Structures are given as structure tokens and as C-alpha cells.
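File shown: input_38.csv (CSV, C-alpha atoms).
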```csv
chain,number,residue,atom,x,y,z
A,246,MET,CA,49.2,-3.2,8.5
A,247,THR,CA,52.5,-4.9,9.5
A,248,ASN,CA,55.1,-6.8,7.5
A,249,LEU,CA,54.3,-10.5,6.9
A,250,ARG,CA,57.2,-12.9,6.8
A,251,PRO,CA,56.5,-16.3,5.2
A,252,PRO,CA,57.8,-19.4,7.0
A,253,GLN,CA,61.3,-20.8,6.2
A,254,PHE,CA,62.2,-24.1,4.7
A,255,SER,CA,66.0,-24.8,4.3
A,256,LEU,CA,67.1,-26.6,1.2
A,257,SER,CA,70.3,-28.7,1.1
A,258,ARG,CA,73.2,-27.8,-1.1
A,259,GLU,CA,72.4,-31.0,-3.1
A,260,GLN,CA,68.9,-29.9,-3.8
A,261,ILE,CA,70.0,-26.4,-5.0
A,262,SER,CA,72.7,-27.9,-7.2
A,263,SER,CA,70.2,-30.4,-8.6
A,264,TYR,CA,67.8,-27.6,-9.5
A,265,LYS,CA,70.4,-25.6,-11.3
A,266,GLU,CA,71.7,-28.6,-13.2
A,267,ASP,CA,68.3,-30.2,-14.1
A,268,GLY,CA,66.2,-27.1,-14.4
A,269,PHE,CA,63.6,-28.4,-11.9
A,270,LEU,CA,63.2,-29.7,-8.4
A,271,ILE,CA,60.4,-31.9,-6.8
A,272,LEU,CA,59.7,-31.4,-3.1
A,273,ARG,CA,57.3,-33.6,-1.1
A,274,ASN,CA,54.9,-32.5,1.6
A,275,VAL,CA,55.9,-28.8,1.5
A,276,LEU,CA,52.4,-27.5,2.1
A,277,SER,CA,50.5,-28.8,5.1
A,278,PRO,CA,47.2,-30.6,4.9
A,279,TYR,CA,45.6,-27.5,6.5
A,280,LEU,CA,46.9,-25.3,3.7
A,281,MET,CA,45.8,-27.7,1.0
A,282,SER,CA,42.4,-27.9,2.5
A,283,THR,CA,42.2,-24.1,2.5
A,284,LEU,CA,43.2,-24.1,-1.2
A,285,SER,CA,40.5,-26.8,-2.0
A,286,SER,CA,37.8,-24.6,-0.4
A,287,GLY,CA,39.0,-21.6,-2.2
A,288,LEU,CA,38.9,-23.4,-5.5
A,289,ALA,CA,35.4,-24.6,-4.8
A,290,ASP,CA,34.4,-20.9,-4.2
A,291,LEU,CA,36.0,-19.8,-7.5
A,292,SER,CA,34.3,-22.6,-9.5
A,293,SER,CA,30.9,-21.9,-8.1
A,294,THR,CA,31.0,-18.1,-8.2
A,295,PRO,CA,31.6,-16.7,-11.7
A,296,SER,CA,33.6,-13.5,-11.8
A,297,LEU,CA,34.7,-11.0,-14.4
A,298,HIS,CA,38.2,-11.2,-13.0
A,299,CYS,CA,38.5,-15.0,-13.7
A,300,ALA,CA,36.6,-14.8,-17.0
A,301,MET,CA,39.1,-12.4,-18.4
A,302,SER,CA,42.0,-14.7,-17.6
A,303,TYR,CA,41.4,-16.5,-20.8
A,304,TYR,CA,42.1,-13.3,-22.8
A,305,ASP,CA,44.8,-11.9,-20.5
A,306,ASN,CA,47.2,-14.8,-21.2
A,307,PRO,CA,48.8,-16.6,-24.1
A,308,PRO,CA,46.1,-18.5,-26.2
A,309,ILE,CA,47.4,-21.8,-25.0
A,310,PHE,CA,45.3,-21.4,-21.8
A,311,HIS,CA,42.0,-21.7,-23.7
A,312,SER,CA,42.1,-25.5,-23.3
A,313,TYR,CA,41.2,-25.3,-19.6
A,314,GLN,CA,37.7,-25.7,-18.3
A,315,HIS,CA,38.6,-23.5,-15.3
A,316,LEU,CA,41.1,-20.7,-15.3
A,317,CYS,CA,41.6,-17.8,-12.9
A,318,GLN,CA,44.6,-15.6,-13.0
A,319,ARG,CA,45.7,-14.1,-9.6
A,320,PRO,CA,42.9,-15.7,-7.6
A,321,GLU,CA,44.4,-14.3,-4.5
A,322,LEU,CA,43.1,-10.9,-5.5
A,323,ILE,CA,39.5,-12.0,-5.1
A,324,ASN,CA,39.6,-15.0,-2.8
A,325,HIS,CA,40.8,-14.8,0.8
A,326,ASN,CA,41.8,-18.5,0.9
A,327,PHE,CA,44.3,-18.2,-1.9
A,328,HIS,CA,45.7,-14.9,-0.5
A,329,SER,CA,46.2,-16.5,2.9
A,330,VAL,CA,48.0,-19.6,1.5
A,331,LEU,CA,50.2,-17.5,-0.8
A,332,TYR,CA,51.7,-15.6,2.1
A,333,SER,CA,51.8,-18.4,4.7
A,334,ASN,CA,53.7,-21.1,3.0
A,335,PRO,CA,57.5,-21.6,2.7
A,336,LEU,CA,57.7,-21.4,-1.1
A,337,ALA,CA,59.0,-17.8,-1.1
A,338,HIS,CA,62.0,-18.8,1.0
A,339,ILE,CA,62.6,-21.9,-1.1
A,340,SER,CA,62.5,-19.7,-4.3
A,341,SER,CA,65.0,-17.3,-2.8
A,342,GLN,CA,67.5,-20.1,-2.1
A,343,LEU,CA,67.1,-21.3,-5.7
A,344,MET,CA,67.9,-17.8,-7.0
A,345,ASP,CA,71.0,-17.0,-5.0
A,346,ASN,CA,69.2,-15.8,-1.9
A,347,ARG,CA,67.7,-12.7,-3.5
A,348,PRO,CA,64.5,-11.0,-2.4
A,349,ILE,CA,61.4,-12.4,-4.2
A,350,ARG,CA,58.4,-10.8,-5.8
A,351,VAL,CA,55.3,-12.5,-7.1
A,352,LEU,CA,54.9,-12.2,-10.8
A,353,ARG,CA,51.6,-14.1,-11.3
A,354,THR,CA,49.6,-17.0,-10.0
A,355,VAL,CA,46.9,-19.0,-11.9
A,356,THR,CA,44.5,-21.8,-11.2
A,357,MET,CA,43.9,-24.3,-14.0
A,358,GLY,CA,41.3,-27.1,-14.1
A,359,THR,CA,40.0,-29.8,-16.4
A,360,HIS,CA,37.0,-32.1,-16.2
A,361,ALA,CA,37.3,-35.9,-16.1
A,362,GLU,CA,36.7,-36.5,-19.8
A,363,GLN,CA,39.1,-33.7,-21.0
A,364,THR,CA,42.6,-34.2,-22.3
A,365,ILE,CA,44.9,-31.2,-22.4
A,366,PRO,CA,47.0,-31.4,-25.6
A,367,LEU,CA,50.8,-32.0,-25.3
A,368,ARG,CA,52.3,-28.6,-26.1
A,369,TRP,CA,55.9,-28.2,-25.1
A,370,HIS,CA,56.7,-24.6,-24.2
A,371,THR,CA,58.6,-22.4,-21.7
A,372,ASP,CA,57.3,-19.6,-19.6
A,373,HIS,CA,60.3,-17.5,-20.4
A,374,VAL,CA,58.7,-14.6,-22.1
A,375,ALA,CA,56.1,-14.2,-19.3
A,376,PHE,CA,58.9,-12.9,-17.0
A,377,PRO,CA,60.6,-9.5,-17.0
A,378,GLY,CA,63.7,-9.3,-19.1
A,379,ILE,CA,63.9,-11.9,-21.9
A,380,THR,CA,67.7,-12.2,-22.2
A,381,LYS,CA,68.4,-14.5,-19.3
A,382,CYS,CA,67.4,-17.6,-17.3
A,383,GLY,CA,67.8,-18.3,-13.6
A,384,ASP,CA,66.1,-15.2,-12.2
A,385,GLY,CA,62.5,-16.4,-12.4
A,386,LEU,CA,60.8,-19.7,-11.6
A,387,VAL,CA,57.5,-21.5,-11.6
A,388,VAL,CA,56.0,-23.5,-8.7
A,389,TRP,CA,53.3,-26.0,-9.8
A,390,MET,CA,51.1,-28.0,-7.4
A,391,PRO,CA,48.0,-30.1,-7.6
A,392,ILE,CA,44.9,-29.1,-5.6
A,393,ALA,CA,42.5,-31.6,-4.0
A,394,SER,CA,43.8,-34.7,-5.7
A,395,THR,CA,47.0,-36.4,-6.9
A,396,SER,CA,48.4,-35.4,-10.3
A,397,TYR,CA,49.4,-38.3,-12.5
A,398,ALA,CA,51.2,-38.2,-15.9
A,399,ASP,CA,48.4,-40.3,-17.4
A,400,ALA,CA,45.8,-37.8,-16.2
A,401,ASN,CA,46.9,-34.5,-17.7
A,402,GLY,CA,49.8,-34.2,-15.2
A,403,LEU,CA,52.7,-31.8,-15.6
A,404,VAL,CA,55.8,-33.2,-17.4
A,405,VAL,CA,59.2,-31.5,-17.9
A,406,LEU,CA,62.3,-32.0,-20.1
A,407,LYS,CA,65.4,-32.3,-18.0
A,408,ASN,CA,68.3,-29.9,-18.9
A,409,SER,CA,66.1,-28.1,-21.4
A,410,HIS,CA,66.7,-24.7,-19.7
A,411,LYS,CA,70.3,-25.0,-20.9
A,412,ILE,CA,69.2,-25.2,-24.6
A,413,GLN,CA,67.0,-22.2,-24.1
A,414,GLN,CA,69.9,-20.3,-22.7
A,415,GLU,CA,72.1,-21.2,-25.6
A,416,MET,CA,69.4,-20.1,-28.1
A,417,MET,CA,69.4,-16.7,-26.4
A,418,LYS,CA,73.2,-16.4,-26.7
A,419,ASN,CA,73.2,-17.2,-30.4
A,420,GLY,CA,70.1,-15.1,-31.2
A,421,THR,CA,68.0,-18.0,-32.5
A,422,LEU,CA,65.3,-17.5,-29.8
A,423,PHE,CA,64.7,-13.8,-30.5
A,424,ALA,CA,64.6,-14.4,-34.3
A,425,MET,CA,61.9,-17.0,-33.9
A,426,GLN,CA,59.9,-14.9,-31.4
A,427,GLY,CA,59.7,-12.0,-33.8
A,428,SER,CA,56.5,-13.2,-35.5
A,429,VAL,CA,53.6,-15.5,-34.8
A,430,GLY,CA,54.8,-17.9,-37.5
A,431,GLY,CA,58.2,-18.0,-35.8
A,432,GLN,CA,56.7,-18.7,-32.4
A,433,VAL,CA,54.8,-21.6,-33.9
A,434,SER,CA,58.1,-22.9,-35.3
A,435,LEU,CA,59.6,-22.5,-31.9
A,436,LEU,CA,56.9,-24.7,-30.3
A,437,LYS,CA,57.5,-27.3,-33.0
A,438,PHE,CA,61.3,-27.2,-32.1
A,439,TYR,CA,60.4,-27.8,-28.4
A,440,LYS,CA,58.5,-30.8,-29.5
A,441,THR,CA,61.6,-32.4,-31.1
A,442,LEU,CA,63.5,-32.1,-27.8
A,443,GLU,CA,61.4,-34.9,-26.4
A,444,ASN,CA,63.4,-37.2,-28.6
A,445,THR,CA,66.8,-36.2,-27.2
A,446,LEU,CA,66.1,-35.1,-23.6
A,447,THR,CA,64.9,-37.1,-20.6
A,448,LYS,CA,61.2,-36.6,-19.9
A,449,LYS,CA,60.2,-36.5,-16.2
A,450,GLU,CA,56.6,-37.4,-15.4
A,451,PRO,CA,56.2,-37.1,-11.7
A,452,SER,CA,53.2,-38.1,-9.6
A,453,LEU,CA,52.4,-35.3,-7.2
A,454,ASN,CA,50.1,-35.6,-4.1
A,455,PRO,CA,48.4,-32.6,-2.6
A,456,GLY,CA,51.2,-30.8,-0.6
A,457,ASP,CA,53.9,-31.8,-3.2
A,458,VAL,CA,55.3,-29.2,-5.6
A,459,ILE,CA,57.5,-29.2,-8.7
A,460,ILE,CA,59.6,-26.1,-9.2
A,461,PHE,CA,61.1,-25.3,-12.5
A,462,ASP,CA,63.2,-22.5,-14.1
A,463,ARG,CA,61.5,-19.9,-16.4
A,464,CYS,CA,63.4,-21.5,-19.3
A,465,THR,CA,62.6,-25.1,-18.6
A,466,VAL,CA,60.5,-26.8,-21.4
A,467,HIS,CA,57.3,-28.3,-19.9
A,468,SER,CA,53.7,-29.3,-20.8
A,469,GLY,CA,50.6,-31.1,-19.7
A,470,SER,CA,51.1,-34.7,-20.5
A,471,GLY,CA,48.6,-34.9,-23.3
A,472,VAL,CA,47.2,-38.1,-21.8
A,473,ASN,CA,44.1,-38.8,-19.6
A,474,THR,CA,43.6,-42.5,-19.7
A,475,ARG,CA,42.5,-42.4,-16.0
A,476,LYS,CA,39.6,-40.2,-17.0
A,477,VAL,CA,39.9,-37.9,-13.9
A,478,GLY,CA,39.9,-34.2,-13.6
A,479,ARG,CA,43.0,-32.1,-12.7
A,480,ASN,CA,43.2,-28.9,-10.8
A,481,ALA,CA,46.4,-27.1,-10.2
A,482,TRP,CA,47.8,-23.8,-8.9
A,483,GLN,CA,50.8,-22.2,-10.5
A,484,ILE,CA,52.9,-19.5,-8.8
A,485,ARG,CA,55.4,-17.5,-10.8
A,486,VAL,CA,58.0,-15.5,-8.9
A,487,PHE,CA,61.1,-13.5,-9.9
A,488,ALA,CA,64.2,-12.3,-8.1
A,489,ASP,CA,64.1,-8.7,-7.1
A,490,SER,CA,65.3,-6.3,-8.6
A,491,GLN,CA,64.1,-6.3,-12.2
A,492,GLU,CA,64.3,-3.3,-14.4
A,493,VAL,CA,61.5,-2.1,-16.7
A,494,VAL,CA,63.0,-2.9,-20.1
A,495,LYS,CA,61.0,-3.0,-23.4
A,496,ASP,CA,61.1,-6.6,-24.6
A,497,LEU,CA,62.0,-7.6,-28.1
A,498,ILE,CA,58.5,-9.1,-28.8
A,499,GLU,CA,55.0,-7.8,-28.3
A,500,HIS,CA,53.7,-8.2,-24.8
A,501,TYR,CA,50.7,-10.3,-23.9
A,502,PRO,CA,48.2,-8.3,-21.9
A,503,SER,CA,49.3,-10.1,-18.7
A,504,THR,CA,52.9,-9.0,-19.3
A,505,GLY,CA,52.0,-5.6,-20.7
A,506,ILE,CA,51.8,-4.2,-17.1
A,507,MET,CA,55.6,-4.5,-16.8
A,508,ASP,CA,55.9,-0.8,-17.5
A,509,LYS,CA,56.9,2.4,-15.8
A,510,LYS,CA,53.6,2.7,-14.1
A,511,ASN,CA,54.4,-0.3,-12.0
A,512,ALA,CA,58.0,0.6,-11.2
A,513,ASN,CA,59.7,2.6,-8.4
A,514,VAL,CA,61.8,5.7,-8.8
A,515,GLU,CA,64.8,3.6,-9.6
A,516,GLY,CA,63.0,2.0,-12.5
A,517,PHE,CA,62.5,-1.5,-10.9
A,518,LEU,CA,59.2,-3.4,-11.0
A,519,SER,CA,57.4,-3.0,-7.7
A,520,GLY,CA,54.1,-2.2,-6.1
A,521,PRO,CA,50.9,-4.3,-5.7
A,522,GLN,CA,51.0,-5.7,-9.2
A,523,PHE,CA,54.3,-7.4,-8.3
A,524,PRO,CA,54.2,-7.6,-4.5
A,525,LEU,CA,57.3,-8.4,-2.5
A,526,ILE,CA,56.9,-11.7,-0.6
A,527,TRP,CA,60.4,-12.5,0.7
A,528,PRO,CA,62.1,-11.7,3.0
A,529,SER,CA,58.8,-9.9,4.1
A,530,THR,CA,55.9,-8.2,2.5
A,531,VAL,CA,55.4,-4.4,2.1
A,532,PRO,CA,52.4,-3.0,4.1
A,533,ASP,CA,51.4,-0.5,1.4
A,534,GLU,CA,51.4,-3.2,-1.3
A,535,GLN,CA,49.3,-5.5,0.8
A,536,HIS,CA,46.9,-2.8,1.7
A,537,SER,CA,46.2,-2.0,-2.0
A,538,ILE,CA,45.7,-5.7,-2.8
A,539,ILE,CA,43.3,-6.2,0.1
A,540,GLN,CA,41.3,-3.1,-0.8
A,541,GLY,CA,40.9,-4.3,-4.4
A,542,ASP,CA,42.7,-1.3,-5.9
A,543,ILE,CA,44.2,-3.2,-8.8
A,544,LEU,CA,41.0,-5.0,-9.9
A,545,ARG,CA,39.6,-3.8,-13.2
A,546,THR,CA,36.0,-2.8,-13.9
A,547,ARG,CA,34.3,-4.1,-17.0
A,548,GLN,CA,34.9,-0.7,-18.7
A,549,GLU,CA,38.6,-0.8,-17.7
A,550,TRP,CA,39.0,-4.3,-19.1
A,551,PHE,CA,37.4,-3.2,-22.4
A,552,PHE,CA,39.8,-0.3,-23.0
A,553,PHE,CA,42.8,-2.4,-21.7
A,554,MET,CA,42.2,-5.2,-24.1
A,555,LEU,CA,41.8,-2.8,-27.0
A,556,ARG,CA,45.5,-2.1,-26.7
A,557,TYR,CA,46.2,-5.7,-27.9
A,558,PRO,CA,44.2,-6.3,-31.1
A,559,ASN,CA,46.7,-8.8,-32.5
A,560,HIS,CA,46.5,-10.8,-29.3
A,561,LEU,CA,42.7,-10.7,-29.4
A,562,PHE,CA,42.7,-11.9,-33.0
A,563,MET,CA,45.0,-14.9,-32.1
A,564,SER,CA,43.0,-15.7,-29.0
A,565,ASN,CA,39.8,-16.1,-31.0
A,566,ILE,CA,41.6,-18.2,-33.6
A,567,VAL,CA,42.9,-20.5,-31.0
A,568,ARG,CA,39.5,-20.7,-29.3
A,569,THR,CA,37.9,-21.6,-32.6
A,570,VAL,CA,40.4,-24.3,-33.5
A,571,GLU,CA,40.1,-25.7,-30.0
A,572,ALA,CA,36.4,-26.0,-30.4
A,573,LEU,CA,36.8,-27.7,-33.8
A,574,GLY,CA,39.4,-30.2,-32.5
A,575,LEU,CA,42.2,-28.7,-34.6
A,576,ALA,CA,44.4,-27.7,-31.7
A,577,SER,CA,47.7,-29.2,-32.9
A,578,PHE,CA,50.2,-26.7,-34.2
A,579,ASP,CA,51.1,-29.2,-36.9
A,580,HIS,CA,47.5,-29.2,-38.3
A,581,PRO,CA,47.3,-27.7,-41.8
A,582,VAL,CA,44.2,-25.6,-40.9
A,583,TYR,CA,46.1,-23.9,-38.0
A,584,SER,CA,49.0,-23.1,-40.3
A,585,VAL,CA,46.7,-21.7,-43.0
A,586,LEU,CA,45.1,-19.4,-40.4
A,587,ILE,CA,48.5,-18.2,-39.3
A,588,ARG,CA,49.5,-17.4,-42.8
A,589,ILE,CA,46.3,-15.5,-43.6
A,590,GLY,CA,46.7,-13.4,-40.5
A,591,GLN,CA,50.2,-12.5,-41.4
A,592,ALA,CA,49.4,-11.8,-45.0
A,593,PHE,CA,46.8,-9.2,-44.0
A,594,GLY,CA,49.0,-7.7,-41.3
A,595,MET,CA,46.6,-8.9,-38.5
A,596,ILE,CA,49.4,-10.8,-36.6
```
Translate this structure into C-alpha cells?
Amino acid sequence: MTNLRPPQFSLSREQISSYKEDGFLILRNVLSPYLMSTLSSGLADLSSTPSLHCAMSYYDNPPIFHSYQHLCQRPELINHNFHSVLYSNPLAHISSQLMDNRPIRVLRTVTMGTHAEQTIPLRWHTDHVAFPGITKCGDGLVVWMPIASTSYADANGLVVLKNSHKIQQEMMKNGTLFAMQGSVGGQVSLLKFYKTLENTLTKKEPSLNPGDVIIFDRCTVHSGSGVNTRKVGRNAWQIRVFADSQEVVKDLIEHYPSTGIMDKKNANVEGFLSGPQFPLIWPSTVPDEQHSIIQGDILRTRQEWFFFMLRYPNHLFMSNIVRTVEALGLASFDHPVYSVLIRIGQAFGMI
């Protein structure tokens, strides 16, 4: 197997500057109609063919993802269409330019879908803790794109808060962020704080056609819009990448299962994250990493999933709480029932 080199796409200095200032960048027609058609076919395959890999995505991630009707983490591991598009589009080169022309590794990708009558609650948050190293911004980013149909702000579209990454960076400097992330109650308070930023920062609500993308920093506050007056479904693909090299460093908070693999088993001899769990994508791929991915070496069996998830009892507890409150329509973090459940869990040492 030879090295693959994704196509290039040169950004202007103005675009790079805008991204670093605002915390996000919108690009139009980056992915060709052929690539978008390939993604649409791949999504149809995932939706019509249930798999253990996709089913476990609900429990491998933060509980916030339980809102989605369809969810599949790292679909490129089981679907050829997603694998093909991931390595044949210019987003890796674009990401490198936005992170000081460093090599790029794939952290995680995920497909998320809703049905026409569903409204995803407005939950301002960042993806900061999902990335390696929680003491910095700027070295990881998220690419978000609609699949099959246009994404609108009044149909569960993605919305972001301009300049919010700077506030997150300041909270890291003064220690506020780490203090709040030290407990589940603190994390809920952090989400409530993000909600207040909507009153002081500019909210961007872009409409994105298939082929368009919005790219935002790991520290940028974002959410689904919380509105679906159009009564249409929304399907999207999110790609998270980070600048190579990143050391294996024990974070200050408990890992989610999806981030728990950032350990020495997935590092090279120098202690940097590498291998098929975090494949290099720019400036070119690594043959051995791609061979392991294509062979399915990193897919878990049912038994392996069982023992893996047992390592995260607190996360399983919280996931089932969130799943319950979602079903009961009590999904708001401000709802008193949600707060009571959090306090009970903390009082009994379960979270």
C-alpha cells in the first residue's frame, strides 16, 4: 500500500486571519458534487444496515449525543464511501494551513442525523476536552458539513458564537475552566455559562449547501440551533483533526470512552499519539496505519465493547440519566429534575 496525498486547496492570508480572529471559517463548494453524492450513498447504507459499531457511538461519546436519531462514530471504519471521501478531499490541507502548516492527524469523525419532526435542543458547548491536551486552543479544529440537503438555522442547523474561543482560552489561563470541569455539577455550570455568552457575543447562523463546510476551533462555542420550524431532517458529518505531534498527557478530568484511547498504547516511541486510531492524513497517509484500518484491526467485538465500557461506570451512569431525561422531555440543563439527578449522583459518589 502506497502513501495517499489528499488534494490541495490554498487559503488566502485573509481567510487564515479571519479564522484565527473569529474562531471559525465558512468555505463554499469545497467538496465536489461527486464526493457529496458518495457521502449520501454511504449515509443511506449506514442508516439501512444496523451495526454494533454505530450503535455503540451513543455510549462512546458525551451524553449530549443521545438526542440524535442517527449517530455513527468513525463511519469510515466500516463504510468504504466515507473512507474514500475522507482521504480524497482538500480539508486536510486546509486544516494544516489553519494550524500553522503542521502535519494533520484525524482525531474522530461522526455522522449525526435527525428526522423531520425532531428538534435538537440548543446546548452551547465546546469540543475542547475531546482533543488531546486540555491546556490550549488552536491546535485542533472541527469541520462540519451537511449531507444530502441544505442546513438551515431554522432546521437544526449549526450555529457558532464569534470570538468565543478567546473566552475559553482566558478561562484556561485563570484556572476557571479546569475548576468547573472537575465535577459533573461543575460541567453543568459551565454549560450554563456558555448559554449566557449568547447575550454578549455575535451568533452566526449560516446556511450551508452540500459541498459547503464550516470549520471552527476546538475552543469555539457552538450548538445545534434549537429550532426546526421548517420541519425537515438534518444529516451532517463532523471531522475532528489535530496538529501533529501531540503528547500523551493525562488530562485533569476523567476521559470519555472515546477519548480514553489517548493513551500510551496508541503512541509511538517518542510518546506522541499515532497509529490507526489517530491516522496521519496530511501531508500524506502512512501505509501501515491505512492497512490496519482497511483490515478492520481496530474494530471491537461485542465482548471487547463490554469490557471496554466497564472501565467507565460513571460515564455509563450519566449516559443513562441523559437518555431517560431526553425520553421524558426534560433535556434542559436548567430543568429542576435534571439538577436533582445530578445532586443524587454526586451525593452517592456515582458521578
For this session: Show which residues sit within 12 Å of A:Val531, as JSON, numbers by chain. Count only C-alpha atoms, and ignore same-chain residues fewer than 4 positions away.
Result: {"A": [246, 247, 248, 249, 250, 332, 349, 350, 519, 520, 521, 523, 524, 525, 526, 527, 535, 536, 537, 538]}
Problem set entry | Atomic distance atom CA of A:Asp399 - atom CA of A:Gly287, expressed in Å with one decimal |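 Interatomic distance, atom CA of A:Asp399 to atom CA of A:Gly287: 25.9 Å.
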Can you list every residue of stretch 433-472 of chain A that has an atom at most 12 Å from stretch 476-482 of chain A, with its nearest atom pair and the distance in Å to one decimal, using only C-alpha atoms, ordered by chain then number, as JSON lines?
```
{"residue": "A:Leu453", "atom": "CA", "partner": "A:Ala481", "partner_atom": "CA", "distance": 10.6}
{"residue": "A:Asn454", "atom": "CA", "partner": "A:Ala481", "partner_atom": "CA", "distance": 11.1}
{"residue": "A:Pro455", "atom": "CA", "partner": "A:Ala481", "partner_atom": "CA", "distance": 9.6}
{"residue": "A:Gly456", "atom": "CA", "partner": "A:Ala481", "partner_atom": "CA", "distance": 11.4}
{"residue": "A:Asp457", "atom": "CA", "partner": "A:Ala481", "partner_atom": "CA", "distance": 11.3}
{"residue": "A:Val458", "atom": "CA", "partner": "A:Trp482", "partner_atom": "CA", "distance": 9.8}
{"residue": "A:Ile459", "atom": "CA", "partner": "A:Trp482", "partner_atom": "CA", "distance": 11.1}
{"residue": "A:Gly469", "atom": "CA", "partner": "A:Arg479", "partner_atom": "CA", "distance": 10.4}
{"residue": "A:Ser470", "atom": "CA", "partner": "A:Arg479", "partner_atom": "CA", "distance": 11.5}
{"residue": "A:Val472", "atom": "CA", "partner": "A:Lys476", "partner_atom": "CA", "distance": 9.2}
```
Once you have the residues from the selection above, write them out as a PDB file, in the coordinates of the input, restricted to C-alpha atoms.
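Contents of selection-v4.pdb, freshly written:
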```
ATOM      1  CA  LEU A 453      52.400 -35.300  -7.200  1.00  0.00           C
ATOM      2  CA  ASN A 454      50.100 -35.600  -4.100  1.00  0.00           C
ATOM      3  CA  PRO A 455      48.400 -32.600  -2.600  1.00  0.00           C
ATOM      4  CA  GLY A 456      51.200 -30.800  -0.600  1.00  0.00           C
ATOM      5  CA  ASP A 457      53.900 -31.800  -3.200  1.00  0.00           C
ATOM      6  CA  VAL A 458      55.300 -29.200  -5.600  1.00  0.00           C
ATOM      7  CA  ILE A 459      57.500 -29.200  -8.700  1.00  0.00           C
ATOM      8  CA  GLY A 469      50.600 -31.100 -19.700  1.00  0.00           C
ATOM      9  CA  SER A 470      51.100 -34.700 -20.500  1.00  0.00           C
ATOM     10  CA  VAL A 472      47.200 -38.100 -21.800  1.00  0.00           C
TER      11      VAL A 472
END
```
Exercise. Could you name the residues that touch stretch 401-415 of chain A at 8 Å or less, counting all atoms listed in the file, but leaving out those on the same chain fewer than 3 positions away, as a ChimeraX atom specification?
Worked result: /A:266-269,364-365,381-382,396-398,418-419,422,442-443,446-452,462-473,479
Problem set entry | Top pick for closest residue to A:Phe553, considering A:Val514, A:Met301, A:Cys317, A:Met425 and counting all atoms listed in the file | A:Met301
For this session: Would you please work out which residue, of A:Phe461, A:Val567, A:Lys437, A:His373, is nearest to A:Phe423 when using only C-alpha atoms?
Result: A:His373
Exercise. When distances are computed from all atoms listed in the file, which of A:Thr356, A:Ser434, A:Ser529, A:Gln548 shows the smallest separation from A:Glu321?
Worked result: A:Thr356
For this session: Work out how far apart atom CA of A:Ile484 and atom CA of A:Leu280 are and give it in Å to one decimal.
Result: 15.0 Å
For this session: Using atom CA of A:Arg475 and atom CA of A:Trp389 as the two end points, give the distance in Å to one decimal.
Result: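 Computing it gives 20.6 Å between the two atoms.
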Exercise. A:Leu343, A:Ala337, A:Ile392, A:Leu544: which is nearest A:Gln318, counting all atoms listed in the file?
Worked result: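 Checking each candidate against A:Gln318, we get A:Leu544 as the closest.
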Exercise. Between A:Leu256, A:Ala488, A:Leu270, A:Ile543, which has the minimum distance to A:Phe517 (counting all atoms listed in the file)?
Worked result: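 For A:Phe517, the nearest of the candidates is A:Ala488.
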Exercise. Quick one: of A:Ile323, A:Ile339, A:Leu276, A:Met563, who's nearest to A:Thr294, counting all atoms listed in the file?
Worked result: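 The answer is A:Ile323, which sits nearest to A:Thr294.
Taking only C-alpha atoms into account, those protein, DNA and RNA residues with any atom at most 9 Å away from (57.1, 0.3, -15.8) amount to Glu492, Val493, Val494, Ile506, Met507, Asp508, Lys509, Lys510, Asn511, Ala512, Asn513, Gly516, Phe517, Leu518 and Ser519 of chain A.
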